[in-house]
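Q: To be precise about what I am sending: the file is called upload32.txt and holds compact mmCIF, C-alpha atoms (C1' of nucleotides).
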```txt
# COMPACT_ATOMS: atom_id res chain seq x y z
CA MET A 1 4.39 9.63 -9.46
CA PRO A 2 3.02 6.34 -10.25
CA GLU A 3 4.75 5.00 -13.33
CA LEU A 4 4.27 1.67 -15.04
CA PRO A 5 5.55 -0.57 -12.21
CA GLU A 6 3.41 1.21 -9.62
CA VAL A 7 0.30 0.87 -11.76
CA GLU A 8 1.10 -2.79 -12.37
CA THR A 9 1.43 -3.29 -8.63
CA ILE A 10 -1.92 -1.59 -8.07
CA LYS A 11 -3.49 -3.75 -10.74
CA ARG A 12 -2.29 -6.90 -8.99
CA GLY A 13 -3.21 -5.67 -5.54
CA LEU A 14 -6.71 -4.57 -6.40
CA SER A 15 -7.38 -7.69 -8.45
CA LYS A 16 -6.87 -9.71 -5.32
CA PHE A 17 -9.45 -7.77 -3.31
CA CYS A 18 -12.02 -6.26 -5.65
CA VAL A 19 -12.86 -8.71 -8.41
CA HIS A 20 -16.48 -9.96 -8.17
CA GLN A 21 -17.53 -7.14 -5.90
CA LYS A 22 -20.40 -4.89 -6.92
CA ILE A 23 -20.24 -1.13 -6.74
CA ARG A 24 -22.97 0.02 -4.37
CA LYS A 25 -22.36 3.73 -4.25
CA VAL A 26 -20.16 6.33 -5.87
CA GLU A 27 -19.31 9.60 -4.20
CA VAL A 28 -17.59 12.28 -6.23
CA ALA A 29 -15.92 14.85 -4.01
CA CYS A 30 -14.21 16.65 -6.88
CA GLU A 31 -16.05 17.05 -10.17
CA LYS A 32 -12.99 17.26 -12.36
CA SER A 33 -11.66 13.97 -10.99
CA PHE A 34 -14.56 11.94 -12.39
CA ILE A 35 -15.44 12.13 -16.07
CA GLY A 36 -18.73 10.72 -17.30
CA PRO A 37 -22.01 9.74 -15.69
CA LYS A 38 -21.42 8.03 -12.37
CA GLU A 39 -24.80 6.29 -12.39
CA VAL A 40 -23.53 4.02 -15.15
CA VAL A 41 -21.16 2.15 -12.83
CA LEU A 42 -23.72 1.62 -10.07
CA ARG A 43 -24.68 -1.99 -9.38
CA ARG A 44 -22.08 -3.21 -11.89
CA GLU A 45 -19.71 -5.97 -10.88
CA ILE A 46 -15.94 -5.62 -11.15
CA ILE A 47 -14.81 -8.22 -13.66
CA GLY A 48 -11.13 -7.50 -13.93
CA PHE A 49 -8.27 -5.04 -14.28
CA ARG A 50 -6.07 -4.14 -17.22
CA ARG A 51 -3.10 -1.86 -17.60
CA PHE A 52 -1.98 0.16 -20.61
CA GLY A 53 1.27 1.97 -19.89
CA LYS A 54 0.50 4.07 -16.82
CA ALA A 55 -3.27 3.83 -17.29
CA LEU A 56 -5.35 1.41 -15.25
CA VAL A 57 -8.64 0.07 -16.59
CA ILE A 58 -11.33 -1.48 -14.42
CA ASP A 59 -13.71 -3.61 -16.45
CA LEU A 60 -17.23 -3.87 -15.10
CA SER A 61 -20.18 -6.03 -16.09
CA ASP A 62 -22.50 -5.04 -18.97
CA GLY A 63 -19.71 -3.61 -21.12
CA VAL A 64 -18.85 -0.72 -18.84
CA SER A 65 -15.28 0.24 -17.97
CA MET A 66 -13.44 2.88 -16.01
CA MET A 67 -10.09 4.21 -17.06
CA ILE A 68 -7.95 5.68 -14.30
CA HIS A 69 -4.84 7.78 -14.69
CA LEU A 70 -3.03 8.71 -11.47
CA ARG A 71 -0.73 11.30 -13.07
CA MET A 72 1.57 12.86 -10.44
CA THR A 73 -0.12 12.32 -7.11
CA GLY A 74 -2.90 9.78 -7.57
CA GLN A 75 -3.43 6.89 -5.18
CA LEU A 76 -5.85 4.00 -5.02
CA ILE A 77 -6.58 2.67 -1.58
CA TYR A 78 -8.82 -0.24 -0.74
CA ARG A 79 -10.09 -0.74 2.79
CA ALA A 80 -12.07 -3.79 3.78
CA ALA A 81 -15.33 -2.93 5.54
CA GLY A 82 -15.16 -2.68 9.30
CA GLN A 83 -11.43 -2.11 9.29
CA GLY A 84 -9.99 0.43 11.65
CA GLN A 85 -7.21 2.74 10.65
CA GLY A 86 -3.52 2.46 11.11
CA GLU A 87 -1.01 -0.16 10.27
CA SER A 88 -3.02 -3.03 11.62
CA LEU A 89 -4.97 -3.11 8.38
CA MET A 90 -2.28 -4.63 6.20
CA GLU A 91 -4.11 -7.93 5.81
CA ASP A 92 -7.39 -6.98 4.20
CA SER A 93 -6.43 -3.69 2.65
CA PHE A 94 -4.26 -2.38 -0.10
CA ALA A 95 -2.76 0.98 -0.98
CA GLY A 96 -0.68 1.95 -3.97
CA GLY A 97 0.36 4.93 -6.05
CA HIS A 98 1.94 8.16 -4.93
CA PRO A 99 3.34 7.24 -1.50
CA SER A 100 2.05 9.35 1.40
CA GLU A 101 0.55 9.14 4.83
CA SER A 102 -2.83 8.62 3.18
CA PHE A 103 -1.81 4.98 2.78
CA VAL A 104 -2.40 4.52 6.49
CA ASP A 105 -4.50 7.60 7.25
CA THR A 106 -8.13 7.84 8.25
CA LEU A 107 -10.19 7.93 5.07
CA PRO A 108 -11.71 9.80 3.41
CA ASN A 109 -9.33 12.70 3.88
CA LYS A 110 -8.65 16.06 2.29
CA GLN A 111 -7.26 14.55 -0.88
CA THR A 112 -10.01 12.02 -1.46
CA ARG A 113 -11.66 12.77 -4.81
CA VAL A 114 -13.82 9.72 -5.50
CA ILE A 115 -15.20 7.01 -3.21
CA PHE A 116 -16.50 3.66 -4.45
CA GLU A 117 -18.46 1.70 -1.91
CA MET A 118 -18.55 -1.99 -2.68
CA ASP A 119 -19.93 -5.13 -1.05
CA LYS A 120 -17.01 -5.85 1.21
CA GLY A 121 -15.02 -2.67 1.28
CA THR A 122 -14.37 0.78 -0.05
CA LEU A 123 -12.05 2.01 -2.80
CA TYR A 124 -10.71 5.55 -2.45
CA PHE A 125 -9.24 7.55 -5.30
CA ASN A 126 -6.99 10.18 -3.72
CA ASP A 127 -5.18 12.83 -5.69
CA GLN A 128 -3.57 15.85 -4.11
CA ARG A 129 -3.01 17.85 -7.27
CA LYS A 130 -6.16 16.81 -9.15
CA PHE A 131 -4.22 16.01 -12.31
CA GLY A 132 -5.44 12.44 -12.33
CA PHE A 133 -8.93 11.23 -13.21
CA VAL A 134 -11.41 8.41 -13.38
CA LYS A 135 -13.24 8.20 -16.68
CA VAL A 136 -16.26 6.07 -17.52
CA LEU A 137 -16.41 4.61 -21.00
CA PRO A 138 -17.78 1.58 -22.83
CA THR A 139 -15.43 -1.41 -22.60
CA GLU A 140 -15.28 -1.61 -26.38
CA GLU A 141 -13.95 1.93 -26.57
CA VAL A 142 -11.08 1.42 -24.14
CA GLU A 143 -8.52 0.49 -26.73
CA THR A 144 -9.52 3.28 -29.08
CA ASP A 145 -9.39 5.89 -26.35
CA LYS A 146 -7.21 8.76 -27.54
CA PHE A 147 -4.57 8.31 -24.84
CA ILE A 148 -4.43 4.52 -24.91
CA ALA A 149 -4.47 4.26 -28.69
CA SER A 150 -1.49 6.56 -28.99
CA LEU A 151 0.74 4.61 -26.60
CA ALA A 152 3.94 3.12 -27.96
CA PRO A 153 5.01 -0.41 -26.92
CA GLU A 154 6.26 -0.87 -23.37
CA PRO A 155 10.02 -1.26 -22.80
CA TRP A 156 9.96 -5.06 -22.96
CA LYS A 157 8.49 -4.87 -26.45
CA THR A 158 10.48 -1.92 -27.71
CA ARG A 159 12.93 -2.86 -30.44
CA PRO A 160 16.24 -0.98 -30.39
CA GLU A 161 16.04 -0.37 -34.15
CA ALA A 162 12.61 1.23 -33.80
CA LEU A 163 13.72 3.47 -30.95
CA TYR A 164 16.89 4.35 -32.82
CA GLU A 165 14.75 5.51 -35.72
CA VAL A 166 12.79 7.82 -33.42
CA PHE A 167 16.09 9.14 -32.07
CA GLN A 168 17.18 10.00 -35.61
CA ARG A 169 13.93 11.81 -36.29
CA ARG A 170 14.11 13.76 -33.04
CA SER A 171 17.83 14.19 -33.20
CA GLY A 172 17.82 17.70 -31.72
CA SER A 173 16.11 16.80 -28.44
CA PRO A 174 17.75 15.69 -25.23
CA VAL A 175 17.33 11.95 -24.89
CA LYS A 176 15.53 12.21 -21.58
CA ALA A 177 12.75 14.33 -23.07
CA VAL A 178 12.17 11.75 -25.77
CA ILE A 179 12.08 8.61 -23.61
CA LEU A 180 9.55 10.32 -21.33
CA ASP A 181 7.20 10.60 -24.31
CA GLN A 182 4.53 7.91 -23.99
CA LYS A 183 4.20 7.81 -27.76
CA VAL A 184 7.85 6.72 -27.95
CA ILE A 185 7.99 4.20 -25.08
CA ALA A 186 5.00 3.55 -22.83
CA GLY A 187 5.27 3.59 -19.07
CA ILE A 188 8.51 5.44 -18.44
CA GLY A 189 8.33 8.42 -16.10
CA ASN A 190 10.89 10.54 -14.34
CA ILE A 191 12.22 7.77 -12.09
CA TYR A 192 12.75 5.11 -14.71
CA ALA A 193 14.09 7.61 -17.25
CA ASP A 194 16.89 8.53 -14.86
CA GLU A 195 17.51 4.90 -13.93
CA ALA A 196 17.56 3.68 -17.54
CA LEU A 197 19.98 6.39 -18.62
CA PHE A 198 22.28 5.70 -15.69
CA TYR A 199 22.29 2.02 -16.53
CA ALA A 200 23.19 2.84 -20.11
CA GLY A 201 25.87 5.30 -19.09
CA VAL A 202 24.15 7.98 -21.15
CA HIS A 203 23.85 11.58 -19.97
CA PRO A 204 20.20 12.74 -20.03
CA ARG A 205 21.15 15.88 -21.96
CA ARG A 206 22.77 13.99 -24.81
CA LEU A 207 21.00 14.80 -28.04
CA CYS A 208 19.20 11.85 -29.60
CA GLY A 209 21.08 12.27 -32.83
CA SER A 210 24.37 11.49 -31.06
CA LEU A 211 23.29 8.11 -29.72
CA SER A 212 24.49 4.83 -31.18
CA LEU A 213 22.31 1.80 -31.72
CA ALA A 214 24.21 0.05 -28.92
CA GLU A 215 23.47 2.88 -26.51
CA THR A 216 19.83 2.83 -27.57
CA ALA A 217 19.64 -0.86 -26.78
CA LYS A 218 21.25 -0.28 -23.39
CA ILE A 219 18.67 2.37 -22.51
CA ILE A 220 15.85 -0.08 -23.23
CA GLU A 221 17.62 -2.79 -21.26
CA GLY A 222 18.05 -0.42 -18.32
CA ALA A 223 14.38 0.53 -18.34
CA CYS A 224 13.36 -3.13 -18.34
CA LYS A 225 15.69 -4.02 -15.49
CA ALA A 226 14.63 -1.09 -13.30
CA MET A 227 10.96 -1.81 -13.90
CA ASP A 228 11.33 -5.53 -13.28
CA ALA A 229 13.10 -4.80 -10.01
CA SER A 230 10.44 -2.33 -8.96
CA ILE A 231 7.52 -4.63 -9.74
CA GLU A 232 9.35 -7.42 -7.95
CA SER A 233 9.72 -5.28 -4.84
CA GLY A 234 6.07 -4.24 -4.88
CA GLY A 235 6.23 -0.72 -6.32
CA SER A 236 5.06 2.08 -4.08
CA THR A 237 2.55 0.36 -1.85
CA MET A 238 1.51 0.37 1.74
CA ALA A 239 3.75 -2.63 2.36
CA THR A 240 6.85 -0.88 1.06
CA TYR A 241 5.92 2.45 2.59
CA VAL A 242 5.40 1.14 6.08
CA ARG A 243 8.26 -0.98 7.29
CA ALA A 244 7.69 -3.99 9.49
CA ASP A 245 8.75 -2.00 12.52
CA GLY A 246 6.21 0.72 11.74
CA THR A 247 8.67 3.34 10.51
CA ARG A 248 8.32 4.88 7.07
CA GLY A 249 10.45 3.54 4.29
CA ASP A 250 10.83 4.31 0.64
CA TYR A 251 10.39 1.76 -2.08
CA LEU A 252 13.03 3.55 -4.12
CA GLU A 253 15.60 2.13 -1.72
CA LYS A 254 15.01 -1.25 -3.26
CA PHE A 255 16.14 -0.49 -6.77
CA ALA A 256 17.03 3.18 -7.40
CA GLN A 257 20.66 3.77 -8.34
CA VAL A 258 20.39 7.51 -8.96
CA PHE A 259 16.85 8.75 -8.43
CA ARG A 260 16.69 11.00 -5.35
CA ARG A 261 20.22 9.99 -4.43
CA GLU A 262 21.79 13.41 -5.02
CA GLY A 263 24.72 13.96 -2.66
CA LEU A 264 25.22 10.23 -2.18
CA PRO A 265 27.99 8.17 -3.75
CA CYS A 266 27.40 6.52 -7.12
CA MET A 267 26.96 2.79 -6.61
CA ARG A 268 29.17 2.09 -9.59
CA CYS A 269 32.10 4.51 -9.22
CA GLY A 270 31.70 6.21 -5.86
CA ASN A 271 31.54 9.75 -7.22
CA GLU A 272 28.78 12.02 -6.01
CA ILE A 273 25.37 11.85 -7.68
CA ILE A 274 24.12 15.30 -8.62
CA LYS A 275 20.72 16.74 -9.45
CA ILE A 276 20.29 18.87 -12.54
CA ARG A 277 17.45 20.09 -14.75
CA VAL A 278 16.72 18.52 -18.10
CA ALA A 279 13.65 19.03 -20.24
CA GLY A 280 12.06 20.90 -17.36
CA ARG A 281 12.36 17.97 -14.97
CA GLY A 282 14.54 17.28 -11.97
CA THR A 283 17.17 14.85 -13.19
CA HIS A 284 19.71 12.70 -11.37
CA VAL A 285 23.06 11.77 -12.87
CA CYS A 286 26.47 10.49 -12.02
CA PRO A 287 28.73 12.99 -13.81
CA HIS A 288 31.46 10.41 -14.01
CA CYS A 289 29.49 7.46 -15.42
CA GLN A 290 27.31 9.63 -17.67
CA LYS A 291 29.41 12.03 -19.74
CA GLU A 292 27.60 14.96 -21.29
CA ASP A 293 30.09 15.75 -24.05
CA ILE A 294 30.90 12.61 -25.91
CA GLY A 295 33.93 13.67 -27.93
CA ALA A 296 36.06 13.98 -24.81
CA SER A 297 35.69 10.53 -23.33
CA SER A 298 33.22 8.26 -25.00
CA ALA A 299 35.02 5.36 -23.41
CA SER A 300 32.45 4.30 -20.89
CA VAL A 301 29.31 4.66 -22.97
CA ALA A 302 28.21 1.23 -24.03
CA LYS A 303 30.25 -0.48 -21.43
CA GLY A 304 27.26 -0.94 -19.21
CA GLY A 305 28.92 -1.78 -15.96
CA SER A 306 28.67 -5.56 -16.22
CA ASP A 307 30.95 -5.68 -13.24
CA ASP A 308 34.52 -4.78 -14.03
C1' DC B 1 6.66 17.75 -38.52
C1' DT B 2 9.74 19.05 -34.19
C1' DA B 3 11.11 21.81 -29.97
C1' DG B 4 10.40 24.43 -25.97
C1' DG B 5 7.57 26.62 -22.62
C1' DA B 6 3.26 27.38 -20.06
C1' DT B 7 -0.40 25.15 -17.71
C1' DC B 8 -3.69 22.34 -14.80
C1' DC B 9 -3.69 22.03 -8.90
C1' DT B 10 -2.25 21.61 -3.96
C1' DG B 11 1.30 21.19 -0.63
C1' DT B 12 5.84 21.54 1.20
C1' DC B 13 10.20 23.35 1.91
C1' DA B 14 14.12 26.70 1.52
C1' DG B 15 15.28 31.45 1.98
C1' DC B 16 14.53 35.77 3.46
C1' DT C 1 6.24 33.56 12.45
C1' DG C 2 4.93 34.81 7.84
C1' DC C 3 5.51 35.64 3.16
C1' DT C 4 7.42 34.19 -1.52
C1' DG C 5 9.04 31.49 -5.04
C1' DA C 6 10.57 27.04 -6.67
C1' DC C 7 9.36 22.75 -7.61
C1' DA C 8 7.06 18.16 -7.60
C1' DG C 9 7.23 9.94 -10.08
C1' DG C 10 2.47 13.65 -15.85
C1' DA C 11 0.59 14.93 -20.09
C1' DT C 12 -1.36 18.31 -23.09
C1' DC C 13 -1.91 22.53 -25.41
C1' DC C 14 0.08 26.55 -27.52
C1' DT C 15 3.53 28.95 -30.02
C1' DA C 16 7.47 29.45 -33.15
```
As structure tokens, what does this structure read like?
A:
Amino acid sequence: MPELPEVETIKRGLSKFCVHQKIRKVEVACEKSFIGPKEVVLRREIIGFRRFGKALVIDLSDGVSMMIHLRMTGQLIYRAAGQGQGESLMEDSFAGGHPSESFVDTLPNKQTRVIFEMDKGTLYFNDQRKFGFVKVLPTEEVETDKFIASLAPEPWKTRPEALYEVFQRRSGSPVKAVILDQKVIAGIGNIYADEALFYAGVHPRRLCGSLSLAETAKIIEGACKAMDASIESGGSTMATYVRADGTRGDYLEKFAQVFRREGLPCMRCGNEIIKIRVAGRGTHVCPHCQKEDIGASSASVAKGGSDD
DNA sequence: CTAGGATCCTGTCAGC
DNA sequence: TGCTGACAGGATCCTA
């Protein structure tokens, strides 16, 4: 699913193509995917894009905004008018979010939920599982929206002491469950949770109450590094999905140390990465670098792998 | 307040 | 081949 870096990538990509365009027509193929009156966005000009955690906001003229959450399977795909399909459209088009064939498919397709026709192109909101949504609201109410207002700071602005305090309060929960909570740290999802914990050498099942301040700081550092690397590489976009030679790639290859690497050797110690279940989510760990029971060998915890 | 589980929805894949 | 259940880059609501 699109997490913070993917949404940031979409924000940058769409800014390049859509700012100053007017929305000519809105087609809602799935009622639950579009909240609010669609007439309100008609004939409004796209002024800019903002991001709050995993939520994307499109600001329109006359104080109108749209908040978009992609949840698990949302995608935003922009196609310049008159473009054919296929991989030849890299230049004037953009696709980001949940990676799938829709990035290069003929659109609209079965998963298309909302279509925005603009002056020079079309923006498609695709969402296989219909968990995501587009919501119309006044620009001045964006920051007081229930979801956005409740967001904690993003990893780069999270202070170890503050997170440590939350860990004390929620001492009986596995650490992974807590860092996935957007009210604790904004923008982390299943990928970056696994990556951050691997970086910190902390097992996802460790209870928050057992974590030191140093480990807490390492987790934040790991989240920042993984997200920086992902944004740098372009998140999950058409460009990272379709390789130069036309084959399908995976943007995870560019930065993931553990996510979806079960069965492969740990990049730090060579032992096999395994997949387990924590807090109801598929979870990837190196059993050697991330010890579940601390008493036994707490040696490697805050060591952090700065080469050795 | 916290913790854990069910739930929204569609599609795919493993196992019979 | 066809059915069945598990599970998936998220967040919220319900219960204890």
Q: Need the shell around C:DG9: protein/DNA/RNA residues with any atom at most 6 Å away, counting only C-alpha atoms (C1' of nucleotides). Skip same-chain ones fewer than 5 positions apart. Format as a list in words?
A: Met1, Pro2, Asn190 and Ile191 of chain A
Q: Residues of chain B near chain A: apply a cut-off of 7 Å, count only C-alpha atoms (C1' of nucleotides), and supply the list as a list in words.
A: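 Result: DT2, DC8, DC9 and DT10 of chain B.
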Q: For chain A, which residues have at least one atom within 12 Å of chain C, if we go by only C-alpha atoms (C1' of nucleotides)? Write them as a PyMOL selection string, please.
A: chain A and resi 1-7+54-55+69-74+97-99+128-133+147+180-183+187-194+235-236+251-252+259-260+277+280-283
Q: Measure the distance from atom CA of A:Pro160 to atom CA of A:Phe198 in Å and round it to one decimal.
A: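 That distance, rounded to one decimal, is 17.2 Å.
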Q: Go ahead and compute the interatomic distance for atom CA of A:Gly234 and atom CA of A:Thr9, in Å to one decimal.
A: 6.0 Å
Q: Could you work out how far atom CA of A:Val175 lies from atom CA of A:Leu213, giving the answer in Å with one decimal?
A: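 It comes out at 13.2 Å.
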Q: Reconstruct N, CA and C atoms of stretch 183-219 of chain A; output as an mmCIF file, in the coordinates of the input.
A:
```cif
data_model
loop_
_atom_site.group_PDB
_atom_site.id
_atom_site.type_symbol
_atom_site.label_atom_id
_atom_site.label_comp_id
_atom_site.auth_asym_id
_atom_site.auth_seq_id
_atom_site.Cartn_x
_atom_site.Cartn_y
_atom_site.Cartn_z
ATOM 1 N N LYS A 183 4.382 8.240 -26.367
ATOM 2 C CA LYS A 183 4.200 7.810 -27.760
ATOM 3 C C LYS A 183 5.484 7.200 -28.317
ATOM 4 N N VAL A 184 6.567 7.283 -27.535
ATOM 5 C CA VAL A 184 7.850 6.720 -27.950
ATOM 6 C C VAL A 184 8.105 5.388 -27.222
ATOM 7 N N ILE A 185 7.971 5.419 -25.899
ATOM 8 C CA ILE A 185 7.990 4.200 -25.080
ATOM 9 C C ILE A 185 6.915 4.389 -24.021
ATOM 10 N N ALA A 186 6.080 3.397 -23.804
ATOM 11 C CA ALA A 186 5.000 3.550 -22.830
ATOM 12 C C ALA A 186 5.463 3.161 -21.435
ATOM 13 N N GLY A 187 5.090 3.965 -20.463
ATOM 14 C CA GLY A 187 5.270 3.590 -19.070
ATOM 15 C C GLY A 187 6.434 4.219 -18.346
ATOM 16 N N ILE A 188 7.362 4.820 -19.092
ATOM 17 C CA ILE A 188 8.510 5.440 -18.440
ATOM 18 C C ILE A 188 8.131 6.821 -17.912
ATOM 19 N N GLY A 189 8.521 7.101 -16.681
ATOM 20 C CA GLY A 189 8.330 8.420 -16.100
ATOM 21 C C GLY A 189 9.671 8.908 -15.600
ATOM 22 N N ASN A 190 9.650 9.899 -14.757
ATOM 23 C CA ASN A 190 10.890 10.540 -14.340
ATOM 24 C C ASN A 190 11.866 9.599 -13.616
ATOM 25 N N ILE A 191 11.337 8.703 -12.805
ATOM 26 C CA ILE A 191 12.220 7.770 -12.090
ATOM 27 C C ILE A 191 12.943 6.840 -13.054
ATOM 28 N N TYR A 192 12.171 6.151 -13.860
ATOM 29 C CA TYR A 192 12.750 5.110 -14.710
ATOM 30 C C TYR A 192 13.547 5.697 -15.861
ATOM 31 N N ALA A 193 13.262 6.941 -16.245
ATOM 32 C CA ALA A 193 14.090 7.610 -17.250
ATOM 33 C C ALA A 193 15.492 7.787 -16.691
ATOM 34 N N ASP A 194 15.574 8.328 -15.479
ATOM 35 C CA ASP A 194 16.890 8.530 -14.860
ATOM 36 C C ASP A 194 17.619 7.200 -14.653
ATOM 37 N N GLU A 195 16.885 6.196 -14.194
ATOM 38 C CA GLU A 195 17.510 4.900 -13.930
ATOM 39 C C GLU A 195 17.993 4.237 -15.220
ATOM 40 N N ALA A 196 17.191 4.314 -16.260
ATOM 41 C CA ALA A 196 17.560 3.680 -17.540
ATOM 42 C C ALA A 196 18.797 4.340 -18.130
ATOM 43 N N LEU A 197 18.848 5.672 -18.045
ATOM 44 C CA LEU A 197 19.980 6.390 -18.620
ATOM 45 C C LEU A 197 21.255 6.138 -17.819
ATOM 46 N N PHE A 198 21.109 6.026 -16.510
ATOM 47 C CA PHE A 198 22.280 5.700 -15.690
ATOM 48 C C PHE A 198 22.796 4.317 -16.057
ATOM 49 N N TYR A 199 21.906 3.394 -16.168
ATOM 50 C CA TYR A 199 22.290 2.020 -16.530
ATOM 51 C C TYR A 199 23.061 1.997 -17.841
ATOM 52 N N ALA A 200 22.577 2.816 -18.780
ATOM 53 C CA ALA A 200 23.190 2.840 -20.110
ATOM 54 C C ALA A 200 24.452 3.703 -20.156
ATOM 55 N N GLY A 201 24.711 4.421 -19.082
ATOM 56 C CA GLY A 201 25.870 5.300 -19.090
ATOM 57 C C GLY A 201 25.699 6.484 -20.031
ATOM 58 N N VAL A 202 24.450 6.884 -20.228
ATOM 59 C CA VAL A 202 24.150 7.980 -21.150
ATOM 60 C C VAL A 202 23.682 9.201 -20.372
ATOM 61 N N HIS A 203 24.267 10.350 -20.640
ATOM 62 C CA HIS A 203 23.850 11.580 -19.970
ATOM 63 C C HIS A 203 22.489 12.011 -20.515
ATOM 64 N N PRO A 204 21.574 12.396 -19.619
ATOM 65 C CA PRO A 204 20.200 12.740 -20.030
ATOM 66 C C PRO A 204 20.131 13.892 -21.034
ATOM 67 N N ARG A 205 21.169 14.737 -21.044
ATOM 68 C CA ARG A 205 21.150 15.880 -21.960
ATOM 69 C C ARG A 205 21.710 15.553 -23.343
ATOM 70 N N ARG A 206 22.245 14.359 -23.483
ATOM 71 C CA ARG A 206 22.770 13.990 -24.810
ATOM 72 C C ARG A 206 21.659 14.119 -25.838
ATOM 73 N N LEU A 207 22.011 14.662 -26.998
ATOM 74 C CA LEU A 207 21.000 14.800 -28.040
ATOM 75 C C LEU A 207 20.790 13.440 -28.714
ATOM 76 N N CYS A 208 19.543 13.155 -29.041
ATOM 77 C CA CYS A 208 19.200 11.850 -29.600
ATOM 78 C C CYS A 208 20.040 11.499 -30.821
ATOM 79 N N GLY A 209 20.321 12.510 -31.620
ATOM 80 C CA GLY A 209 21.080 12.270 -32.830
ATOM 81 C C GLY A 209 22.495 11.763 -32.590
ATOM 82 N N SER A 210 22.998 11.909 -31.359
ATOM 83 C CA SER A 210 24.370 11.490 -31.060
ATOM 84 C C SER A 210 24.440 10.064 -30.526
ATOM 85 N N LEU A 211 23.295 9.442 -30.358
ATOM 86 C CA LEU A 211 23.290 8.110 -29.720
ATOM 87 C C LEU A 211 23.495 6.989 -30.725
ATOM 88 N N SER A 212 24.265 6.003 -30.327
ATOM 89 C CA SER A 212 24.490 4.830 -31.180
ATOM 90 C C SER A 212 23.364 3.827 -30.973
ATOM 91 N N LEU A 213 23.300 2.862 -31.869
ATOM 92 C CA LEU A 213 22.310 1.800 -31.720
ATOM 93 C C LEU A 213 22.572 1.003 -30.438
ATOM 94 N N ALA A 214 23.850 0.807 -30.130
ATOM 95 C CA ALA A 214 24.210 0.050 -28.920
ATOM 96 C C ALA A 214 23.740 0.789 -27.667
ATOM 97 N N GLU A 215 23.925 2.102 -27.659
ATOM 98 C CA GLU A 215 23.470 2.880 -26.510
ATOM 99 C C GLU A 215 21.956 2.834 -26.396
ATOM 100 N N THR A 216 21.294 2.905 -27.537
ATOM 101 C CA THR A 216 19.830 2.830 -27.570
ATOM 102 C C THR A 216 19.354 1.523 -26.945
ATOM 103 N N ALA A 217 20.013 0.448 -27.321
ATOM 104 C CA ALA A 217 19.640 -0.860 -26.780
ATOM 105 C C ALA A 217 19.860 -0.921 -25.274
ATOM 106 N N LYS A 218 20.941 -0.294 -24.825
ATOM 107 C CA LYS A 218 21.250 -0.280 -23.390
ATOM 108 C C LYS A 218 20.183 0.489 -22.593
ATOM 109 N N ILE A 219 19.698 1.571 -23.184
ATOM 110 C CA ILE A 219 18.670 2.370 -22.510
ATOM 111 C C ILE A 219 17.408 1.522 -22.303
#
```
